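Participant: To be precise about what I am sending: the file is called final-v4.txt and holds compact mmCIF, C-alpha atoms.
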```txt
# COMPACT_ATOMS: atom_id res chain seq x y z
CA MET E 1 3.31 -11.72 13.81
CA VAL E 2 0.43 -9.31 14.36
CA GLN E 3 0.47 -8.36 10.67
CA PHE E 4 0.22 -12.05 9.75
CA PHE E 5 -2.97 -12.56 11.75
CA LEU E 6 -4.43 -9.25 10.61
CA GLY E 7 -3.68 -10.32 7.03
CA ILE E 8 -5.63 -13.55 7.55
CA ALA E 9 -8.55 -11.55 8.95
CA VAL E 10 -8.47 -9.20 5.94
CA ALA E 11 -8.48 -12.18 3.55
CA VAL E 12 -11.47 -13.78 5.27
CA LEU E 13 -13.37 -10.49 5.50
CA THR E 14 -12.64 -9.72 1.84
CA VAL E 15 -14.36 -12.99 0.93
CA VAL E 16 -17.34 -11.94 3.04
CA ALA E 17 -17.30 -8.50 1.37
CA PHE E 18 -17.08 -10.17 -2.06
CA PHE E 19 -20.39 -11.97 -1.47
CA ALA E 20 -21.97 -8.85 0.00
CA ILE E 21 -20.94 -6.86 -3.09
CA LEU E 22 -22.10 -9.66 -5.37
CA PHE E 23 -25.59 -9.73 -3.84
CA THR E 24 -26.11 -6.13 -2.71
CA GLY E 25 -23.60 -3.99 -4.62
CA ARG E 26 -22.36 -2.57 -1.32
CA TYR E 27 -19.27 -3.13 0.81
CA PRO E 28 -20.30 -3.60 4.47
CA ARG E 29 -19.12 -0.45 6.24
CA SER E 30 -17.53 -2.14 9.28
CA ILE E 31 -15.63 -4.62 7.10
CA PHE E 32 -14.56 -1.75 4.83
CA GLU E 33 -13.16 0.20 7.79
CA PHE E 34 -11.22 -2.83 9.02
CA ASN E 35 -9.95 -3.73 5.53
CA VAL E 36 -8.69 -0.16 5.06
CA GLY E 37 -7.28 0.02 8.59
CA VAL E 38 -5.01 -3.01 8.28
CA PRO E 39 -3.15 -1.78 5.16
CA ARG E 40 -3.08 1.70 6.74
CA TRP E 41 -1.28 0.36 9.80
CA ALA E 42 0.97 -1.89 7.67
CA TRP E 43 1.93 1.15 5.56
CA ARG E 44 2.91 3.09 8.69
CA VAL E 45 5.03 0.15 9.85
CA ALA E 46 6.67 -0.19 6.41
CA PHE E 47 7.34 3.56 6.25
CA TYR E 48 9.02 3.44 9.66
CA GLY E 49 10.91 0.20 8.97
CA TYR E 50 12.66 -1.36 6.03
CA GLY E 51 9.92 -0.54 3.55
CA ALA E 52 11.15 3.07 3.37
CA LEU E 53 13.10 4.16 6.48
CA GLY E 54 11.04 7.32 6.11
CA THR E 55 10.72 8.44 9.72
CA ASP E 56 12.18 7.96 13.17
CA ARG E 57 8.72 8.32 14.71
CA TYR E 58 7.38 4.96 15.92
CA PRO E 59 4.10 4.03 14.17
CA PRO E 60 1.03 4.11 16.39
CA PHE E 61 -0.71 0.77 16.81
CA THR E 62 -4.15 1.71 15.56
CA LEU E 63 -6.14 0.96 12.43
CA LYS E 64 -7.58 4.47 12.43
CA ASP E 65 -6.10 7.38 10.51
CA VAL E 66 -3.53 9.38 12.46
CA PRO E 67 -3.50 12.80 10.77
CA ASP E 68 -0.15 13.92 12.17
CA TYR E 69 1.76 10.73 11.31
CA PRO E 70 3.95 11.22 8.21
CA ALA E 71 2.68 8.10 6.37
CA ARG E 72 -1.05 7.98 5.70
CA LEU E 73 -3.51 5.92 3.70
CA SER E 74 -7.06 6.88 2.93
CA VAL E 75 -9.77 5.23 0.87
CA ASP E 76 -13.14 6.84 0.26
CA TYR E 77 -16.08 4.61 1.13
CA PRO E 78 -17.92 3.65 -2.07
CA GLU E 79 -21.69 3.94 -1.84
CA GLU E 80 -22.06 1.34 -4.57
CA LEU E 81 -19.72 -1.13 -6.28
CA SER E 82 -20.06 -3.05 -9.51
CA ARG E 83 -21.24 -6.61 -8.97
CA ARG E 84 -19.68 -7.77 -12.24
CA LEU E 85 -16.31 -6.20 -11.49
CA ALA E 86 -16.24 -7.96 -8.11
CA LEU E 87 -16.02 -11.23 -10.03
CA LEU E 88 -13.01 -10.15 -12.11
CA LYS E 89 -11.00 -7.31 -10.68
CA TRP E 90 -9.14 -8.95 -7.79
CA TRP E 91 -7.65 -11.71 -9.93
CA LEU E 92 -8.01 -11.24 -13.71
CA LEU E 93 -7.93 -7.47 -14.15
CA ALA E 94 -5.17 -6.96 -11.57
CA ILE E 95 -2.73 -9.52 -13.07
CA PRO E 96 -0.69 -6.91 -15.02
CA HIS E 97 -0.28 -4.90 -11.81
CA TYR E 98 0.70 -7.98 -9.83
CA MET E 99 3.52 -8.66 -12.28
CA VAL E 100 4.89 -5.11 -12.04
CA ILE E 101 4.56 -5.07 -8.25
CA ALA E 102 6.41 -8.39 -8.00
CA LEU E 103 9.38 -6.69 -9.66
CA PHE E 104 9.13 -3.76 -7.27
CA VAL E 105 8.89 -5.69 -4.03
CA GLY E 106 10.42 -9.03 -5.03
CA GLY E 107 8.61 -12.18 -5.85
CA LEU E 108 9.57 -13.25 -9.35
CA GLY E 109 12.30 -15.75 -9.93
CA GLY E 110 11.02 -19.26 -9.37
CA ASP E 111 11.46 -21.42 -6.29
CA ARG E 112 13.73 -19.02 -4.42
CA ALA E 113 11.64 -15.91 -5.08
CA TYR E 114 11.34 -15.17 -1.38
CA ASN E 115 15.06 -14.31 -1.38
CA ALA E 116 14.75 -11.73 -4.18
CA PRO E 117 14.81 -8.26 -2.58
CA GLY E 118 13.15 -6.42 -5.45
CA LEU E 119 13.64 -2.77 -6.28
CA VAL E 120 12.25 -1.57 -2.94
CA GLY E 121 14.88 -3.56 -1.02
CA VAL E 122 17.69 -2.17 -3.15
CA LEU E 123 16.43 1.41 -2.83
CA VAL E 124 16.03 1.14 0.93
CA LEU E 125 19.58 -0.20 1.19
CA VAL E 126 20.86 2.80 -0.83
CA ALA E 127 18.83 5.11 1.42
CA ALA E 128 20.20 3.45 4.57
CA VAL E 129 23.81 3.85 3.40
CA ALA E 130 23.19 7.48 2.46
CA LEU E 131 21.54 8.15 5.84
CA LEU E 132 24.42 6.47 7.64
CA PHE E 133 27.11 8.59 5.98
CA THR E 134 25.32 11.86 5.23
CA THR E 135 22.31 11.88 7.63
CA ARG E 136 20.26 12.96 4.61
CA TYR E 137 17.70 10.97 2.65
CA LEU E 138 18.38 11.16 -1.10
CA ARG E 139 15.39 13.00 -2.62
CA GLY E 140 15.28 10.92 -5.81
CA VAL E 141 15.40 7.63 -3.89
CA PHE E 142 12.69 8.84 -1.51
CA ASP E 143 10.44 9.97 -4.37
CA LEU E 144 10.88 6.68 -6.22
CA LEU E 145 10.10 4.67 -3.09
CA MET E 146 6.97 6.73 -2.44
CA GLY E 147 5.87 6.23 -6.05
CA ILE E 148 6.32 2.47 -5.78
CA HIS E 149 4.46 2.30 -2.48
CA ARG E 150 1.62 4.42 -3.87
CA TRP E 151 1.30 2.00 -6.78
CA VAL E 152 1.30 -1.01 -4.46
CA LEU E 153 -1.31 0.54 -2.16
CA ARG E 154 -3.61 1.50 -5.05
CA VAL E 155 -3.47 -2.07 -6.35
CA ALA E 156 -4.06 -3.44 -2.85
CA GLY E 157 -7.18 -1.28 -2.54
CA TYR E 158 -8.42 -2.55 -5.90
CA ALA E 159 -7.63 -6.20 -5.08
CA LEU E 160 -9.35 -5.92 -1.70
CA LEU E 161 -12.46 -4.75 -3.60
CA LEU E 162 -12.38 -1.36 -1.83
CA THR E 163 -12.81 0.55 -5.08
CA ASP E 164 -13.90 -0.02 -8.67
CA ARG E 165 -11.40 2.53 -9.96
CA TYR E 166 -8.75 0.68 -11.95
CA PRO E 167 -5.29 1.62 -10.64
CA PRO E 168 -3.22 3.68 -13.08
CA PHE E 169 0.12 2.37 -14.31
CA ARG E 170 2.20 5.19 -12.83
CA LEU E 171 4.47 5.91 -9.90
CA ASP E 172 3.25 9.38 -8.87
CA MET E 173 6.60 10.35 -7.43
CA GLY E 174 6.82 13.49 -5.35
CA ALA E 175 5.63 14.95 -2.10
CA ALA E 176 1.94 14.21 -2.56
CA GLU E 177 -0.28 11.86 -4.52
CA PRO E 178 -2.71 13.37 -7.01
CA ALA E 179 -6.33 13.18 -5.83
CA ALA E 180 -7.31 9.51 -6.01
CA ALA E 181 -9.52 6.98 -4.32
CA VAL E 182 -6.57 5.13 -2.79
CA THR E 183 -3.46 6.95 -1.63
CA GLY E 184 -0.35 6.06 0.26
CA ARG E 185 1.20 9.36 1.20
CA GLY E 186 4.58 10.01 2.59
CA PRO E 187 5.47 13.19 4.42
CA GLU E 188 3.89 16.32 3.02
CA GLU E 189 7.10 18.26 3.48
CA SER E 190 10.74 17.43 2.91
CA ALA E 191 11.19 14.11 4.67
CA PRO E 192 14.55 13.51 2.98
CA GLY E 193 16.11 15.88 5.52
CA ARG E 194 14.57 13.79 8.30
```
Using the file provided, produce a representation of the structure as structure tokens.

Facilitator:
Amino acid sequence: MVQFFLGIAVAVLTVVAFFAILFTGRYPRSIFEFNVGVPRWAWRVAFYGYGALGTDRYPPFTLKDVPDYPARLSVDYPEELSRRLALLKWWLLAIPHYMVIALFVGGLGGDRAYNAPGLVGVLVLVAAVALLFTTRYLRGVFDLLMGIHRWVLRVAGYALLLTDRYPPFRLDMGAAEPAAAVTGRGPEESAPGR
């Protein structure tokens, strides 16, 4: 429920930021911090819950970065953003990414799309069964889930106008994301052992 209302706030503030970028070329700092903080907290919740089952540590309820929490998201504040890109990137330029992400998280399939689990749901189910019977997280499943979530978070940062850097079409599977403007990192060490 909290995520729903925070999502509405992010949508409204992104519209405000859109006009600020359009007229000034700058993202208002306080709106930027909030619009990064909400996906940051949502990522921690997803990592803890059925987005990854990546940790047993309850996610802190804060929009600020928590350096010792195993799931982190950071976005560098842009000093200047393209006014022209603000008109196109969140809808037209991001369409190819939206289609790929819909396959990852579910969302394609017509009227009953909300029932489609997507690849993330299937992978988390496999991880849950493996954890139940072996108490170990399968490394390949974990890496694939982290790659998918990194992709989703990079696209979210682009769609929320937080960066002008076009998200790459890649998963970036492994323990850490390559240096980038938007990252969704899982544990730095071997989380599959939990």

Participant: Counting only C-alpha atoms, give me one row per residue of range 44-110 of chain E with an atom at most 12 Å from an atom of range 139-152 of chain E, showing the shortest contact pair and its distance in Å to one decimal, sorted by chain then residue number, as CSV.

Facilitator:
```
residue,atom,partner,partner_atom,distance
E:Arg44,CA,E:His149,CA,11.3
E:Ala46,CA,E:His149,CA,9.5
E:Phe47,CA,E:Met146,CA,9.3
E:Tyr50,CA,E:Leu145,CA,11.2
E:Gly51,CA,E:Leu145,CA,8.4
E:Ala52,CA,E:Leu145,CA,6.7
E:Leu53,CA,E:Phe142,CA,9.3
E:Gly54,CA,E:Phe142,CA,7.9
E:Thr55,CA,E:Phe142,CA,11.4
E:Pro70,CA,E:Met146,CA,11.9
E:Ala71,CA,E:Met146,CA,9.9
E:Arg72,CA,E:Arg150,CA,10.6
E:Leu73,CA,E:Arg150,CA,9.3
E:Ser74,CA,E:Arg150,CA,11.3
E:Ala94,CA,E:Val152,CA,11.3
E:His97,CA,E:Val152,CA,8.5
E:Tyr98,CA,E:Val152,CA,8.8
E:Met99,CA,E:Val152,CA,11.2
E:Val100,CA,E:Val152,CA,9.3
E:Ile101,CA,E:Val152,CA,6.4
E:Ala102,CA,E:Val152,CA,9.6
E:Leu103,CA,E:Ile148,CA,10.4
E:Phe104,CA,E:Ile148,CA,7.0
E:Val105,CA,E:Ile148,CA,8.7
```

Participant: Grab the CA of Lys89 in chain E to CA of Leu160 in chain E distance for me, in Å with one decimal place.

Facilitator: 9.2 Å

Participant: Expressed in Å to a single decimal, how great is the separation between CA of Phe19 in chain E and CA of Ile95 in chain E?

Facilitator: 21.3 Å

Participant: If I take CA of Val155 in chain E and CA of Trp43 in chain E, how far is one from the other in Å, to one decimal?

Facilitator: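 Spanning CA of Val155 in chain E to CA of Trp43 in chain E is a straight-line distance of 13.5 Å.
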
Participant: Need to verify the contact set: Ala17 in chain E, 9 Å, all atoms listed in the file, exclusion of same-chain residues closer than 2 positions in sequence. Can you return it as a ChimeraX atom specification?

Facilitator: /E:12-15,19-22,26-28,31-32,160-161

Participant: Using only C-alpha atoms, please write the residues we just selected to a file, as a CSV table (one decimal), in the frame of the given file.

Facilitator:
```csv
chain,number,residue,atom,x,y,z
E,12,VAL,CA,-11.5,-13.8,5.3
E,13,LEU,CA,-13.4,-10.5,5.5
E,14,THR,CA,-12.6,-9.7,1.8
E,15,VAL,CA,-14.4,-13.0,0.9
E,19,PHE,CA,-20.4,-12.0,-1.5
E,20,ALA,CA,-22.0,-8.8,0.0
E,21,ILE,CA,-20.9,-6.9,-3.1
E,22,LEU,CA,-22.1,-9.7,-5.4
E,26,ARG,CA,-22.4,-2.6,-1.3
E,27,TYR,CA,-19.3,-3.1,0.8
E,28,PRO,CA,-20.3,-3.6,4.5
E,31,ILE,CA,-15.6,-4.6,7.1
E,32,PHE,CA,-14.6,-1.8,4.8
E,160,LEU,CA,-9.4,-5.9,-1.7
E,161,LEU,CA,-12.5,-4.8,-3.6
```

Participant: Compare E:Met173, E:Ala128, E:Val75, E:Phe133 by their minimum atom-to-atom distance to Tyr158 in chain E, counting all atoms listed in the file, and give me the closest one.

Facilitator: E:Val75

Participant: Restricting the calculation to only C-alpha atoms, which member of E:Leu88, E:Gly118, E:Ala130, E:Val2 is positioned closest to Tyr166 in chain E?

Facilitator: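 Of the candidates, the smallest distance to Tyr166 in chain E is held by E:Leu88.
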
Participant: Let me make sure I understand: among E:Leu125, E:Asp172, E:Ala156, E:Phe23, which one has the smallest atom-to-atom distance to Ala86 in chain E if we use all atoms listed in the file?

Facilitator: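 Of E:Leu125, E:Asp172, E:Ala156, E:Phe23, the one nearest Ala86 in chain E is E:Phe23, counting all atoms listed in the file.
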
Participant: For Phe18 in chain E, which of E:Met1, E:Leu81, E:Leu123, E:Leu6 is the closest residue, counting all atoms listed in the file?

Facilitator: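 Ranking E:Met1, E:Leu81, E:Leu123, E:Leu6 by distance to Phe18 in chain E, first place goes to E:Leu81.
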
Participant: For the point (-8.9, 3.4, 10.8) in file coordinates, what residues are within 9 Å, counting all atoms listed in the file? Give the answer as a list in words?

Facilitator: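 It turns out the residues near that spot are Glu33, Phe34, Asn35, Val36, Gly37, Val38, Arg40, Trp41, Thr62, Leu63, Lys64, Asp65, Val66 and Ser74 of chain E.
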
Participant: With distances taken over all atoms listed in the file, which of E:Leu85, E:Leu153, E:Val120, E:Leu132 is nearest to Pro167 in chain E?

Facilitator: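 Looking at the shortest contact to Pro167 in chain E, the residue is E:Leu153.
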